[in-house]
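To be precise, the following lines are work18.pdb, and they hold PDB, C-alpha atoms, pLDDT in the B column.
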```
MODEL        1
ATOM      1  CA  ASN A   1      -9.739  -9.307 -15.415  1.00 75.00           C
ATOM      2  CA  ALA A   2     -10.583  -9.695 -11.741  1.00 81.00           C
ATOM      3  CA  GLY A   3      -7.266  -8.091 -10.760  1.00 94.00           C
ATOM      4  CA  VAL A   4      -6.246  -9.004  -7.212  1.00 96.00           C
ATOM      5  CA  THR A   5      -8.744 -10.930  -5.121  1.00 97.00           C
ATOM      6  CA  GLN A   6      -8.568 -11.926  -1.463  1.00 97.00           C
ATOM      7  CA  THR A   7     -10.363 -14.650   0.448  1.00 97.00           C
ATOM      8  CA  PRO A   8     -12.018 -14.365   2.929  1.00 96.00           C
ATOM      9  CA  LYS A   9     -13.233 -10.779   3.327  1.00 96.00           C
ATOM     10  CA  PHE A  10     -13.868 -11.077   7.062  1.00 96.00           C
ATOM     11  CA  ARG A  11     -12.811 -13.563   9.717  1.00 96.00           C
ATOM     12  CA  VAL A  12     -13.011 -13.852  13.486  1.00 97.00           C
ATOM     13  CA  LEU A  13     -10.574 -16.171  15.252  1.00 96.00           C
ATOM     14  CA  LYS A  14      -9.968 -17.167  18.818  1.00 97.00           C
ATOM     15  CA  THR A  15      -6.467 -16.856  20.267  1.00 97.00           C
ATOM     16  CA  GLY A  16      -4.379 -19.853  19.261  1.00 97.00           C
ATOM     17  CA  GLN A  17      -6.404 -20.787  16.197  1.00 97.00           C
ATOM     18  CA  SER A  18      -4.823 -20.985  12.777  1.00 96.00           C
ATOM     19  CA  MET A  19      -5.962 -19.800   9.385  1.00 95.00           C
ATOM     20  CA  THR A  20      -4.783 -19.088   5.851  1.00 97.00           C
ATOM     21  CA  LEU A  21      -5.523 -16.018   3.783  1.00 97.00           C
ATOM     22  CA  LEU A  22      -5.549 -16.496   0.028  1.00 97.00           C
ATOM     23  CA  CYS A  23      -4.494 -13.891  -2.506  1.00 98.00           C
ATOM     24  CA  ALA A  24      -4.944 -14.480  -6.229  1.00 98.00           C
ATOM     25  CA  GLN A  25      -4.026 -12.323  -9.213  1.00 97.00           C
ATOM     26  CA  ASP A  26      -4.796 -12.830 -12.884  1.00 96.00           C
ATOM     27  CA  MET A  27      -2.418 -10.216 -14.303  1.00 95.00           C
ATOM     28  CA  ASN A  28       0.580 -12.552 -14.681  1.00 95.00           C
ATOM     29  CA  HIS A  29       2.521 -10.451 -12.175  1.00 96.00           C
ATOM     30  CA  GLU A  30       5.825 -11.752 -10.872  1.00 95.00           C
ATOM     31  CA  TYR A  31       5.896  -9.908  -7.555  1.00 95.00           C
ATOM     32  CA  MET A  32       3.371 -10.270  -4.738  1.00 97.00           C
ATOM     33  CA  TYR A  33       3.158  -8.700  -1.287  1.00 97.00           C
ATOM     34  CA  TRP A  34       1.279  -9.032   1.985  1.00 98.00           C
ATOM     35  CA  TYR A  35       0.703  -5.901   4.124  1.00 97.00           C
ATOM     36  CA  ARG A  36      -1.147  -5.224   7.314  1.00 97.00           C
ATOM     37  CA  GLN A  37      -2.865  -1.919   8.027  1.00 96.00           C
ATOM     38  CA  ASP A  38      -3.407  -0.705  11.558  1.00 94.00           C
ATOM     39  CA  PRO A  39      -4.837   2.640  12.734  1.00 86.00           C
ATOM     40  CA  GLY A  40      -2.130   5.283  12.885  1.00 78.00           C
ATOM     41  CA  MET A  41       0.514   2.876  11.554  1.00 80.00           C
ATOM     42  CA  GLY A  42      -0.043   2.989   7.821  1.00 84.00           C
ATOM     43  CA  LEU A  43       0.662  -0.156   5.813  1.00 93.00           C
ATOM     44  CA  ARG A  44       3.523  -2.389   6.878  1.00 94.00           C
ATOM     45  CA  LEU A  45       5.027  -5.139   4.755  1.00 95.00           C
ATOM     46  CA  ILE A  46       4.774  -8.639   6.235  1.00 97.00           C
ATOM     47  CA  HIS A  47       6.248 -10.894   3.525  1.00 97.00           C
ATOM     48  CA  TYR A  48       6.772 -10.668  -0.190  1.00 96.00           C
ATOM     49  CA  SER A  49       7.649 -12.818  -3.184  1.00 96.00           C
ATOM     50  CA  VAL A  50       9.578 -11.971  -6.335  1.00 93.00           C
ATOM     51  CA  GLY A  51       8.539 -15.087  -8.205  1.00 94.00           C
ATOM     52  CA  GLU A  52       6.966 -18.527  -7.998  1.00 95.00           C
ATOM     53  CA  GLY A  53       8.611 -20.588  -5.296  1.00 94.00           C
ATOM     54  CA  THR A  54      10.313 -17.614  -3.605  1.00 94.00           C
ATOM     55  CA  THR A  55       9.420 -15.744  -0.429  1.00 96.00           C
ATOM     56  CA  ALA A  56      11.153 -13.170   1.751  1.00 94.00           C
ATOM     57  CA  LYS A  57      10.545 -11.363   5.026  1.00 95.00           C
ATOM     58  CA  GLY A  58       9.299  -7.831   5.170  1.00 93.00           C
ATOM     59  CA  GLU A  59       9.150  -5.370   8.025  1.00 91.00           C
ATOM     60  CA  VAL A  60       6.855  -7.326  10.409  1.00 95.00           C
ATOM     61  CA  PRO A  61       7.134 -11.067   9.577  1.00 96.00           C
ATOM     62  CA  ASP A  62       6.903 -12.600  13.066  1.00 96.00           C
ATOM     63  CA  GLY A  63       3.910 -14.862  13.589  1.00 96.00           C
ATOM     64  CA  TYR A  64       3.228 -15.258   9.870  1.00 98.00           C
ATOM     65  CA  ASN A  65       4.278 -17.688   7.164  1.00 97.00           C
ATOM     66  CA  VAL A  66       3.766 -17.509   3.415  1.00 97.00           C
ATOM     67  CA  SER A  67       3.920 -19.722   0.378  1.00 97.00           C
ATOM     68  CA  ARG A  68       3.994 -19.061  -3.366  1.00 97.00           C
ATOM     69  CA  LEU A  69       3.538 -22.474  -4.957  1.00 95.00           C
ATOM     70  CA  LYS A  70       1.803 -21.030  -8.005  1.00 96.00           C
ATOM     71  CA  LYS A  71       2.624 -17.758  -9.708  1.00 96.00           C
ATOM     72  CA  GLN A  72      -0.926 -16.456  -9.393  1.00 97.00           C
ATOM     73  CA  ASN A  73      -1.399 -17.287  -5.696  1.00 98.00           C
ATOM     74  CA  PHE A  74       0.214 -16.001  -2.523  1.00 98.00           C
ATOM     75  CA  LEU A  75      -0.904 -17.502   0.782  1.00 98.00           C
ATOM     76  CA  LEU A  76      -0.497 -15.930   4.215  1.00 98.00           C
ATOM     77  CA  GLY A  77      -0.722 -18.235   7.207  1.00 97.00           C
ATOM     78  CA  LEU A  78      -1.197 -17.591  10.895  1.00 96.00           C
ATOM     79  CA  GLU A  79      -0.238 -20.700  12.855  1.00 91.00           C
ATOM     80  CA  SER A  80      -1.338 -19.513  16.301  1.00 96.00           C
ATOM     81  CA  ALA A  81      -3.326 -16.311  16.134  1.00 96.00           C
ATOM     82  CA  ALA A  82      -2.817 -13.597  18.746  1.00 97.00           C
ATOM     83  CA  PRO A  83      -4.919 -10.503  19.505  1.00 97.00           C
ATOM     84  CA  SER A  84      -2.011  -8.364  18.236  1.00 96.00           C
ATOM     85  CA  GLN A  85      -2.692  -9.793  14.774  1.00 97.00           C
ATOM     86  CA  THR A  86      -6.106  -8.150  14.642  1.00 97.00           C
ATOM     87  CA  SER A  87      -5.765  -5.975  11.572  1.00 97.00           C
ATOM     88  CA  VAL A  88      -6.763  -5.450   7.968  1.00 97.00           C
ATOM     89  CA  TYR A  89      -4.599  -7.470   5.611  1.00 98.00           C
ATOM     90  CA  PHE A  90      -3.920  -6.379   2.056  1.00 97.00           C
ATOM     91  CA  CYS A  91      -2.351  -8.297  -0.759  1.00 97.00           C
ATOM     92  CA  ALA A  92      -0.737  -6.540  -3.711  1.00 96.00           C
ATOM     93  CA  SER A  93       0.998  -7.540  -6.911  1.00 96.00           C
ATOM     94  CA  SER A  94       3.226  -5.882  -9.466  1.00 93.00           C
ATOM     95  CA  TYR A  95       4.789  -6.855 -12.766  1.00 90.00           C
ATOM     96  CA  TYR A  96       8.441  -6.421 -11.790  1.00 82.00           C
ATOM     97  CA  GLY A  97       8.336  -4.061  -8.813  1.00 77.00           C
ATOM     98  CA  ASP A  98       6.595  -1.186 -10.528  1.00 82.00           C
ATOM     99  CA  THR A  99       3.058   0.019  -9.760  1.00 88.00           C
ATOM    100  CA  GLN A 100       1.409  -2.205  -7.171  1.00 91.00           C
ATOM    101  CA  TYR A 101      -2.202  -3.306  -7.518  1.00 93.00           C
ATOM    102  CA  PHE A 102      -4.045  -3.985  -4.306  1.00 94.00           C
ATOM    103  CA  GLY A 103      -6.789  -6.388  -3.333  1.00 96.00           C
ATOM    104  CA  PRO A 104      -9.876  -5.312  -1.336  1.00 95.00           C
ATOM    105  CA  GLY A 105      -8.481  -6.523   1.997  1.00 96.00           C
ATOM    106  CA  THR A 106      -9.343  -9.061   4.689  1.00 97.00           C
ATOM    107  CA  ARG A 107     -10.537  -7.794   8.036  1.00 96.00           C
ATOM    108  CA  LEU A 108      -9.315 -10.172  10.761  1.00 97.00           C
ATOM    109  CA  THR A 109     -10.301 -10.040  14.408  1.00 97.00           C
ATOM    110  CA  VAL A 110      -8.572 -12.240  16.974  1.00 97.00           C
ATOM    111  CA  LEU A 111     -10.409 -12.573  20.272  1.00 96.00           C
TER     112      LEU A 111
ATOM    113  CA  LYS B   1      15.961   3.729   8.121  1.00 86.00           C
ATOM    114  CA  GLN B   2      13.538   5.373   5.724  1.00 91.00           C
ATOM    115  CA  GLU B   3      10.513   6.958   7.378  1.00 94.00           C
ATOM    116  CA  VAL B   4       7.558   8.520   5.596  1.00 96.00           C
ATOM    117  CA  THR B   5       5.337  11.104   7.261  1.00 96.00           C
ATOM    118  CA  GLN B   6       2.097  12.690   6.151  1.00 96.00           C
ATOM    119  CA  ILE B   7       0.752  15.784   7.863  1.00 92.00           C
ATOM    120  CA  PRO B   8      -2.022  16.564   8.591  1.00 92.00           C
ATOM    121  CA  ALA B   9      -3.701  13.277   9.453  1.00 93.00           C
ATOM    122  CA  ALA B  10      -7.075  14.734   8.483  1.00 95.00           C
ATOM    123  CA  LEU B  11      -8.266  17.645   6.379  1.00 95.00           C
ATOM    124  CA  SER B  12     -11.718  19.082   5.697  1.00 97.00           C
ATOM    125  CA  VAL B  13     -12.336  21.580   2.897  1.00 97.00           C
ATOM    126  CA  PRO B  14     -15.368  23.044   1.092  1.00 97.00           C
ATOM    127  CA  GLU B  15     -16.135  21.845  -2.407  1.00 97.00           C
ATOM    128  CA  GLY B  16     -14.299  23.675  -5.170  1.00 97.00           C
ATOM    129  CA  GLU B  17     -11.216  24.483  -3.133  1.00 97.00           C
ATOM    130  CA  ASN B  18      -7.740  23.695  -4.426  1.00 97.00           C
ATOM    131  CA  LEU B  19      -5.716  21.788  -1.873  1.00 96.00           C
ATOM    132  CA  VAL B  20      -2.287  20.343  -1.205  1.00 97.00           C
ATOM    133  CA  LEU B  21      -1.442  17.147   0.638  1.00 97.00           C
ATOM    134  CA  ASN B  22       2.059  16.771   2.016  1.00 97.00           C
ATOM    135  CA  CYS B  23       4.437  13.827   2.258  1.00 98.00           C
ATOM    136  CA  SER B  24       7.946  13.897   3.687  1.00 98.00           C
ATOM    137  CA  PHE B  25      10.623  11.217   3.778  1.00 97.00           C
ATOM    138  CA  THR B  26      13.878  11.020   5.698  1.00 96.00           C
ATOM    139  CA  ASP B  27      16.212   9.444   3.122  1.00 93.00           C
ATOM    140  CA  SER B  28      16.512  11.192  -0.230  1.00 93.00           C
ATOM    141  CA  ALA B  29      17.807   8.014  -1.887  1.00 92.00           C
ATOM    142  CA  ILE B  30      14.611   6.703  -3.416  1.00 93.00           C
ATOM    143  CA  TYR B  31      13.703   4.813  -6.577  1.00 91.00           C
ATOM    144  CA  ASN B  32      10.266   6.354  -6.920  1.00 92.00           C
ATOM    145  CA  LEU B  33       7.361   7.765  -4.943  1.00 95.00           C
ATOM    146  CA  GLN B  34       3.739   6.833  -5.377  1.00 95.00           C
ATOM    147  CA  TRP B  35       0.472   8.353  -4.287  1.00 97.00           C
ATOM    148  CA  PHE B  36      -2.480   6.090  -3.548  1.00 96.00           C
ATOM    149  CA  ARG B  37      -6.135   6.644  -2.768  1.00 97.00           C
ATOM    150  CA  GLN B  38      -8.065   4.470  -0.315  1.00 96.00           C
ATOM    151  CA  ASP B  39     -11.825   4.610   0.058  1.00 95.00           C
ATOM    152  CA  PRO B  40     -13.358   3.426   3.365  1.00 91.00           C
ATOM    153  CA  GLY B  41     -13.315  -0.359   3.615  1.00 88.00           C
ATOM    154  CA  LYS B  42     -11.544  -0.719   0.277  1.00 90.00           C
ATOM    155  CA  GLY B  43      -8.096  -1.443  -1.056  1.00 91.00           C
ATOM    156  CA  LEU B  44      -5.601   1.062  -2.409  1.00 94.00           C
ATOM    157  CA  THR B  45      -5.705   2.517  -5.899  1.00 94.00           C
ATOM    158  CA  SER B  46      -2.570   3.952  -7.453  1.00 93.00           C
ATOM    159  CA  LEU B  47      -2.977   7.592  -8.507  1.00 96.00           C
ATOM    160  CA  LEU B  48       0.445   8.788  -9.598  1.00 95.00           C
ATOM    161  CA  LEU B  49       3.974   7.442  -9.688  1.00 93.00           C
ATOM    162  CA  ILE B  50       6.972   9.774  -9.856  1.00 94.00           C
ATOM    163  CA  GLN B  51      10.344   8.337 -10.753  1.00 92.00           C
ATOM    164  CA  SER B  52      13.334   9.665  -8.822  1.00 92.00           C
ATOM    165  CA  SER B  53      14.532  11.517 -11.930  1.00 93.00           C
ATOM    166  CA  GLN B  54      11.212  13.314 -12.383  1.00 95.00           C
ATOM    167  CA  ARG B  55       9.917  16.490 -10.758  1.00 96.00           C
ATOM    168  CA  GLU B  56       6.199  16.018 -11.244  1.00 96.00           C
ATOM    169  CA  GLN B  57       3.405  13.934 -12.710  1.00 96.00           C
ATOM    170  CA  THR B  58      -0.105  14.976 -13.671  1.00 97.00           C
ATOM    171  CA  SER B  59      -3.350  13.087 -14.112  1.00 96.00           C
ATOM    172  CA  GLY B  60      -6.516  15.087 -14.632  1.00 97.00           C
ATOM    173  CA  ARG B  61      -7.060  17.340 -11.617  1.00 97.00           C
ATOM    174  CA  LEU B  62      -4.166  15.748  -9.749  1.00 98.00           C
ATOM    175  CA  ASN B  63      -0.576  16.917  -9.801  1.00 98.00           C
ATOM    176  CA  ALA B  64       2.192  15.337  -7.758  1.00 97.00           C
ATOM    177  CA  SER B  65       5.581  16.942  -7.287  1.00 97.00           C
ATOM    178  CA  LEU B  66       8.813  15.515  -5.957  1.00 98.00           C
ATOM    179  CA  ASP B  67      11.765  17.311  -4.364  1.00 97.00           C
ATOM    180  CA  LYS B  68      14.242  14.611  -3.421  1.00 94.00           C
ATOM    181  CA  SER B  69      16.826  16.943  -1.952  1.00 93.00           C
ATOM    182  CA  SER B  70      14.390  18.236   0.649  1.00 95.00           C
ATOM    183  CA  GLY B  71      12.653  14.876   1.091  1.00 96.00           C
ATOM    184  CA  ARG B  72       9.222  16.170   0.134  1.00 97.00           C
ATOM    185  CA  SER B  73       6.363  15.416  -2.191  1.00 98.00           C
ATOM    186  CA  THR B  74       3.033  17.169  -2.579  1.00 98.00           C
ATOM    187  CA  LEU B  75      -0.226  16.056  -4.121  1.00 98.00           C
ATOM    188  CA  TYR B  76      -2.202  18.969  -5.521  1.00 98.00           C
ATOM    189  CA  ILE B  77      -5.924  18.478  -6.095  1.00 98.00           C
ATOM    190  CA  ALA B  78      -7.616  21.155  -8.167  1.00 98.00           C
ATOM    191  CA  ALA B  79     -11.266  22.127  -7.795  1.00 97.00           C
ATOM    192  CA  SER B  80     -11.999  19.507  -5.151  1.00 97.00           C
ATOM    193  CA  GLN B  81     -15.256  17.540  -5.276  1.00 97.00           C
ATOM    194  CA  PRO B  82     -17.115  15.473  -2.652  1.00 97.00           C
ATOM    195  CA  GLY B  83     -16.096  12.381  -4.617  1.00 97.00           C
ATOM    196  CA  ASP B  84     -12.482  13.170  -3.758  1.00 98.00           C
ATOM    197  CA  SER B  85     -13.195  12.341  -0.118  1.00 98.00           C
ATOM    198  CA  ALA B  86     -10.900   9.456   0.800  1.00 97.00           C
ATOM    199  CA  THR B  87      -7.601   8.688   2.492  1.00 96.00           C
ATOM    200  CA  TYR B  88      -4.525   9.541   0.465  1.00 97.00           C
ATOM    201  CA  LEU B  89      -1.301   7.665   1.116  1.00 97.00           C
ATOM    202  CA  CYS B  90       2.158   8.257  -0.201  1.00 97.00           C
ATOM    203  CA  ALA B  91       4.731   5.504  -0.438  1.00 96.00           C
ATOM    204  CA  VAL B  92       8.429   5.529  -1.145  1.00 95.00           C
ATOM    205  CA  ARG B  93      10.246   2.766  -2.982  1.00 92.00           C
ATOM    206  CA  PRO B  94      13.877   2.493  -1.844  1.00 89.00           C
ATOM    207  CA  PRO B  95      16.644   1.994  -4.418  1.00 86.00           C
ATOM    208  CA  ASN B  96      17.070  -1.547  -5.748  1.00 77.00           C
ATOM    209  CA  GLY B  97      20.285  -1.963  -3.798  1.00 70.00           C
ATOM    210  CA  SER B  98      20.811  -5.695  -3.273  1.00 59.00           C
ATOM    211  CA  GLY B  99      17.909  -6.638  -5.488  1.00 67.00           C
ATOM    212  CA  ASN B 100      14.758  -5.408  -7.191  1.00 72.00           C
ATOM    213  CA  THR B 101      11.989  -6.153  -4.722  1.00 82.00           C
ATOM    214  CA  GLY B 102       9.638  -3.242  -5.340  1.00 84.00           C
ATOM    215  CA  LYS B 103       9.042  -2.906  -1.595  1.00 89.00           C
ATOM    216  CA  LEU B 104       7.178   0.214  -0.523  1.00 92.00           C
ATOM    217  CA  ILE B 105       7.361   2.224   2.681  1.00 93.00           C
ATOM    218  CA  PHE B 106       4.077   3.962   3.420  1.00 95.00           C
ATOM    219  CA  GLY B 107       3.096   7.081   5.266  1.00 96.00           C
ATOM    220  CA  GLN B 108       0.138   6.982   7.633  1.00 95.00           C
ATOM    221  CA  GLY B 109      -2.126   8.798   5.206  1.00 95.00           C
ATOM    222  CA  THR B 110      -4.203  11.980   5.154  1.00 96.00           C
ATOM    223  CA  THR B 111      -7.968  11.569   5.356  1.00 96.00           C
ATOM    224  CA  LEU B 112      -9.651  14.183   3.191  1.00 97.00           C
ATOM    225  CA  GLN B 113     -13.262  15.269   3.486  1.00 97.00           C
ATOM    226  CA  VAL B 114     -14.680  17.563   0.834  1.00 97.00           C
ATOM    227  CA  LYS B 115     -17.937  19.129   1.983  1.00 97.00           C
ATOM    228  CA  PRO B 116     -20.674  19.960  -0.564  1.00 95.00           C
TER     229      PRO B 116
ENDMDL
END
```
Translate the structure described by the file into C-alpha cells.
Amino acid sequence: NAGVTQTPKFRVLKTGQSMTLLCAQDMNHEYMYWYRQDPGMGLRLIHYSVGEGTTAKGEVPDGYNVSRLKKQNFLLGLESAAPSQTSVYFCASSYYGDTQYFGPGTRLTVL
Amino acid sequence: KQEVTQIPAALSVPEGENLVLNCSFTDSAIYNLQWFRQDPGKGLTSLLLIQSSQREQTSGRLNASLDKSSGRSTLYIAASQPGDSATYLCAVRPPNGSGNTGKLIFGQGTTLQVKP
C-alpha cells in the first residue's frame, strides 16, 4: 500500500497562475481532506469530502476549489494564485472520520 | 468556536528525560482527541487517539491522557531519545452534530528536541 500520495511535491507559481494538486489514496477510504500548514498557525482545513462526488467547505476555503470524481482521488485547485496561498498543503484520508492518514505534503510558493 | 492551544511552542531536553507535552481546548464537547507526530518536511503520523469516554491511551513509551472537564490533554514521553525529536500536534474532533465529517481542529504544535 502506498497510503496517501500527493503530486507534485514542490511547485513555484507566479501570481495569477492556476494549478491543481492531486491527492490519491489506496486504502478505500471514504473521507478525504485538504489542509494548509503555515508557521504559527497549525493546520487549517480548506475543503473536505465525505464520499465520491461530494465536497464541502472547511475553515479557509476562499480561493480554492476541489473535486472528488473518483473515490481514491481528491483534487485541490487554485484558479488564480496569490502570494497569501504560499504554504504547505497536506491531504489526508480516513475510513469514516476516524484516524486520519496524511500524505507527505506539497510545498507551494507563489511569487 | 473550538480553539486548541499547545504550550510551549518549543522544548529542548537531554536524552533519557521523561517529559510532558500539553494541549488545551476551549470547548469540552469533543468526539475524540488525537496526537500526531510530524518530522521536518514530512506529513503527520497518528500516535494516539483518545475517545471522549476514555481517560488515557498508551503506546510503548507514549501515554496520552484526557480531562474533558478541564479541557486538557497531555502526552507523556518516557525515557526520551534523540529519535523522538519532532513536532507534536494535538487535534480535537468536534461532536458529529449535523453530520459525521471527521473534521479536526489542530493546535500549533510543540517542537521537541532531545539532545544526546
Any idea which chain B residues end up within 9 Å of chain A if we count all atoms listed in the file, as an NGL selection string please? :B and (9 or 34 or 41-46 or 49 or 89 or 100-109)
Selection above as a file: C-alpha atoms, as a CSV table (one decimal), keeping the file's coordinate frame:
```csv
chain,number,residue,atom,x,y,z
B,9,ALA,CA,-3.7,13.3,9.5
B,34,GLN,CA,3.7,6.8,-5.4
B,41,GLY,CA,-13.3,-0.4,3.6
B,42,LYS,CA,-11.5,-0.7,0.3
B,43,GLY,CA,-8.1,-1.4,-1.1
B,44,LEU,CA,-5.6,1.1,-2.4
B,45,THR,CA,-5.7,2.5,-5.9
B,46,SER,CA,-2.6,4.0,-7.5
B,49,LEU,CA,4.0,7.4,-9.7
B,89,LEU,CA,-1.3,7.7,1.1
B,100,ASN,CA,14.8,-5.4,-7.2
B,101,THR,CA,12.0,-6.2,-4.7
B,102,GLY,CA,9.6,-3.2,-5.3
B,103,LYS,CA,9.0,-2.9,-1.6
B,104,LEU,CA,7.2,0.2,-0.5
B,105,ILE,CA,7.4,2.2,2.7
B,106,PHE,CA,4.1,4.0,3.4
B,107,GLY,CA,3.1,7.1,5.3
B,108,GLN,CA,0.1,7.0,7.6
B,109,GLY,CA,-2.1,8.8,5.2
```
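Across the chains present, the PyMOL selection byres ((chain B and resi 21) around 7) applied to this file returns Leu19, Val20, Asn22, Cys23, Thr74, Leu75 and Tyr76 of chain B.
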Keeping C-alpha atoms, export the residues of the selection given above as a PDB file, keeping the file's coordinate frame.
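Done, and the output landed in again_29.pdb:
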```
ATOM      1  CA  LEU B  19      -5.716  21.788  -1.873  1.00 96.00           C
ATOM      2  CA  VAL B  20      -2.287  20.343  -1.205  1.00 97.00           C
ATOM      3  CA  ASN B  22       2.059  16.771   2.016  1.00 97.00           C
ATOM      4  CA  CYS B  23       4.437  13.827   2.258  1.00 98.00           C
ATOM      5  CA  THR B  74       3.033  17.169  -2.579  1.00 98.00           C
ATOM      6  CA  LEU B  75      -0.226  16.056  -4.121  1.00 98.00           C
ATOM      7  CA  TYR B  76      -2.202  18.969  -5.521  1.00 98.00           C
TER       8      TYR B  76
END
```
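One distance worth recording is that between atom CA of Glu52 of chain A and atom CA of Gln17 of chain A, which is 27.7 Å.
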Please measure the separation of atom CA of Gly77 of chain A and atom CA of Gln25 of chain A, giving the value in Å to one decimal. 17.8 Å
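When atom CA of Pro8 of chain A is paired with atom CA of Ser67 of chain A, their separation reads 17.0 Å.
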Residues near Pro95 of chain B, cut-off 8 Å, only C-alpha atoms, skip fewer than 3 positions along chain, as a ChimeraX atom specification: /B:29-31
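Nearest to Arg68 of chain A of all the residues A:Thr55, A:Ser80, A:Gln85, A:Thr7 is A:Thr55, counting all atoms listed in the file.
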Could you list, as a list in words, every residue within 12 Å of Lys68 of chain B, counting all atoms listed in the file and ignoring same-chain residues fewer than 6 positions away? Cys23, Ser24, Phe25, Thr26, Asp27, Ser28, Ala29, Ile30, Tyr31, Asn32, Leu33, Ile50, Gln51, Ser52, Ser53, Gln54, Arg55, Glu56, Thr74 and Val92 of chain B
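Closest approach to Gly83 of chain B among B:Ser12, B:Gln6, B:Gln113, B:Asn63 is made by B:Gln113 (distances from all atoms listed in the file).
Residues matched by the PyMOL selection byres ((chain A and resi 20) around 6) in this file: Met19, Leu21, Leu76 and Gly77 of chain A.
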Return as an mmCIF file with C-alpha atoms, in the coordinates of the input the set of residues that the PyMOL selection byres ((chain A and resi 71) around 7) yields on the displayed structure.
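As a result, selection-v7.cif now contains:
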```cif
data_model
loop_
_atom_site.group_PDB
_atom_site.id
_atom_site.type_symbol
_atom_site.label_atom_id
_atom_site.label_comp_id
_atom_site.auth_asym_id
_atom_site.auth_seq_id
_atom_site.Cartn_x
_atom_site.Cartn_y
_atom_site.Cartn_z
ATOM 1 C CA GLU A 30 5.825 -11.752 -10.872
ATOM 2 C CA GLY A 51 8.539 -15.087 -8.205
ATOM 3 C CA GLU A 52 6.966 -18.527 -7.998
ATOM 4 C CA ARG A 68 3.994 -19.061 -3.366
ATOM 5 C CA LEU A 69 3.538 -22.474 -4.957
ATOM 6 C CA LYS A 70 1.803 -21.030 -8.005
ATOM 7 C CA GLN A 72 -0.926 -16.456 -9.393
ATOM 8 C CA ASN A 73 -1.399 -17.287 -5.696
#
```
Report as a PyMOL selection string all protein, DNA and RNA residues lying within 12 Å of Pro116 of chain B, evaluated on all atoms listed in the file, omitting residues in the same chain fewer than 3 positions from it. chain B and resi 12-17+80-85+113
Ref. answer, residues at most 8 Å from (3.5, -20.3, 11.7) with all atoms listed in the file, as an mmCIF file with C-alpha atoms, keeping the file's coordinate frame:
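The file below, result-v3.cif, is the result:
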```cif
data_model
loop_
_atom_site.group_PDB
_atom_site.id
_atom_site.type_symbol
_atom_site.label_atom_id
_atom_site.label_comp_id
_atom_site.auth_asym_id
_atom_site.auth_seq_id
_atom_site.Cartn_x
_atom_site.Cartn_y
_atom_site.Cartn_z
ATOM 1 C CA GLY A 63 3.910 -14.862 13.589
ATOM 2 C CA TYR A 64 3.228 -15.258 9.870
ATOM 3 C CA ASN A 65 4.278 -17.688 7.164
ATOM 4 C CA GLY A 77 -0.722 -18.235 7.207
ATOM 5 C CA LEU A 78 -1.197 -17.591 10.895
ATOM 6 C CA GLU A 79 -0.238 -20.700 12.855
ATOM 7 C CA SER A 80 -1.338 -19.513 16.301
#
```
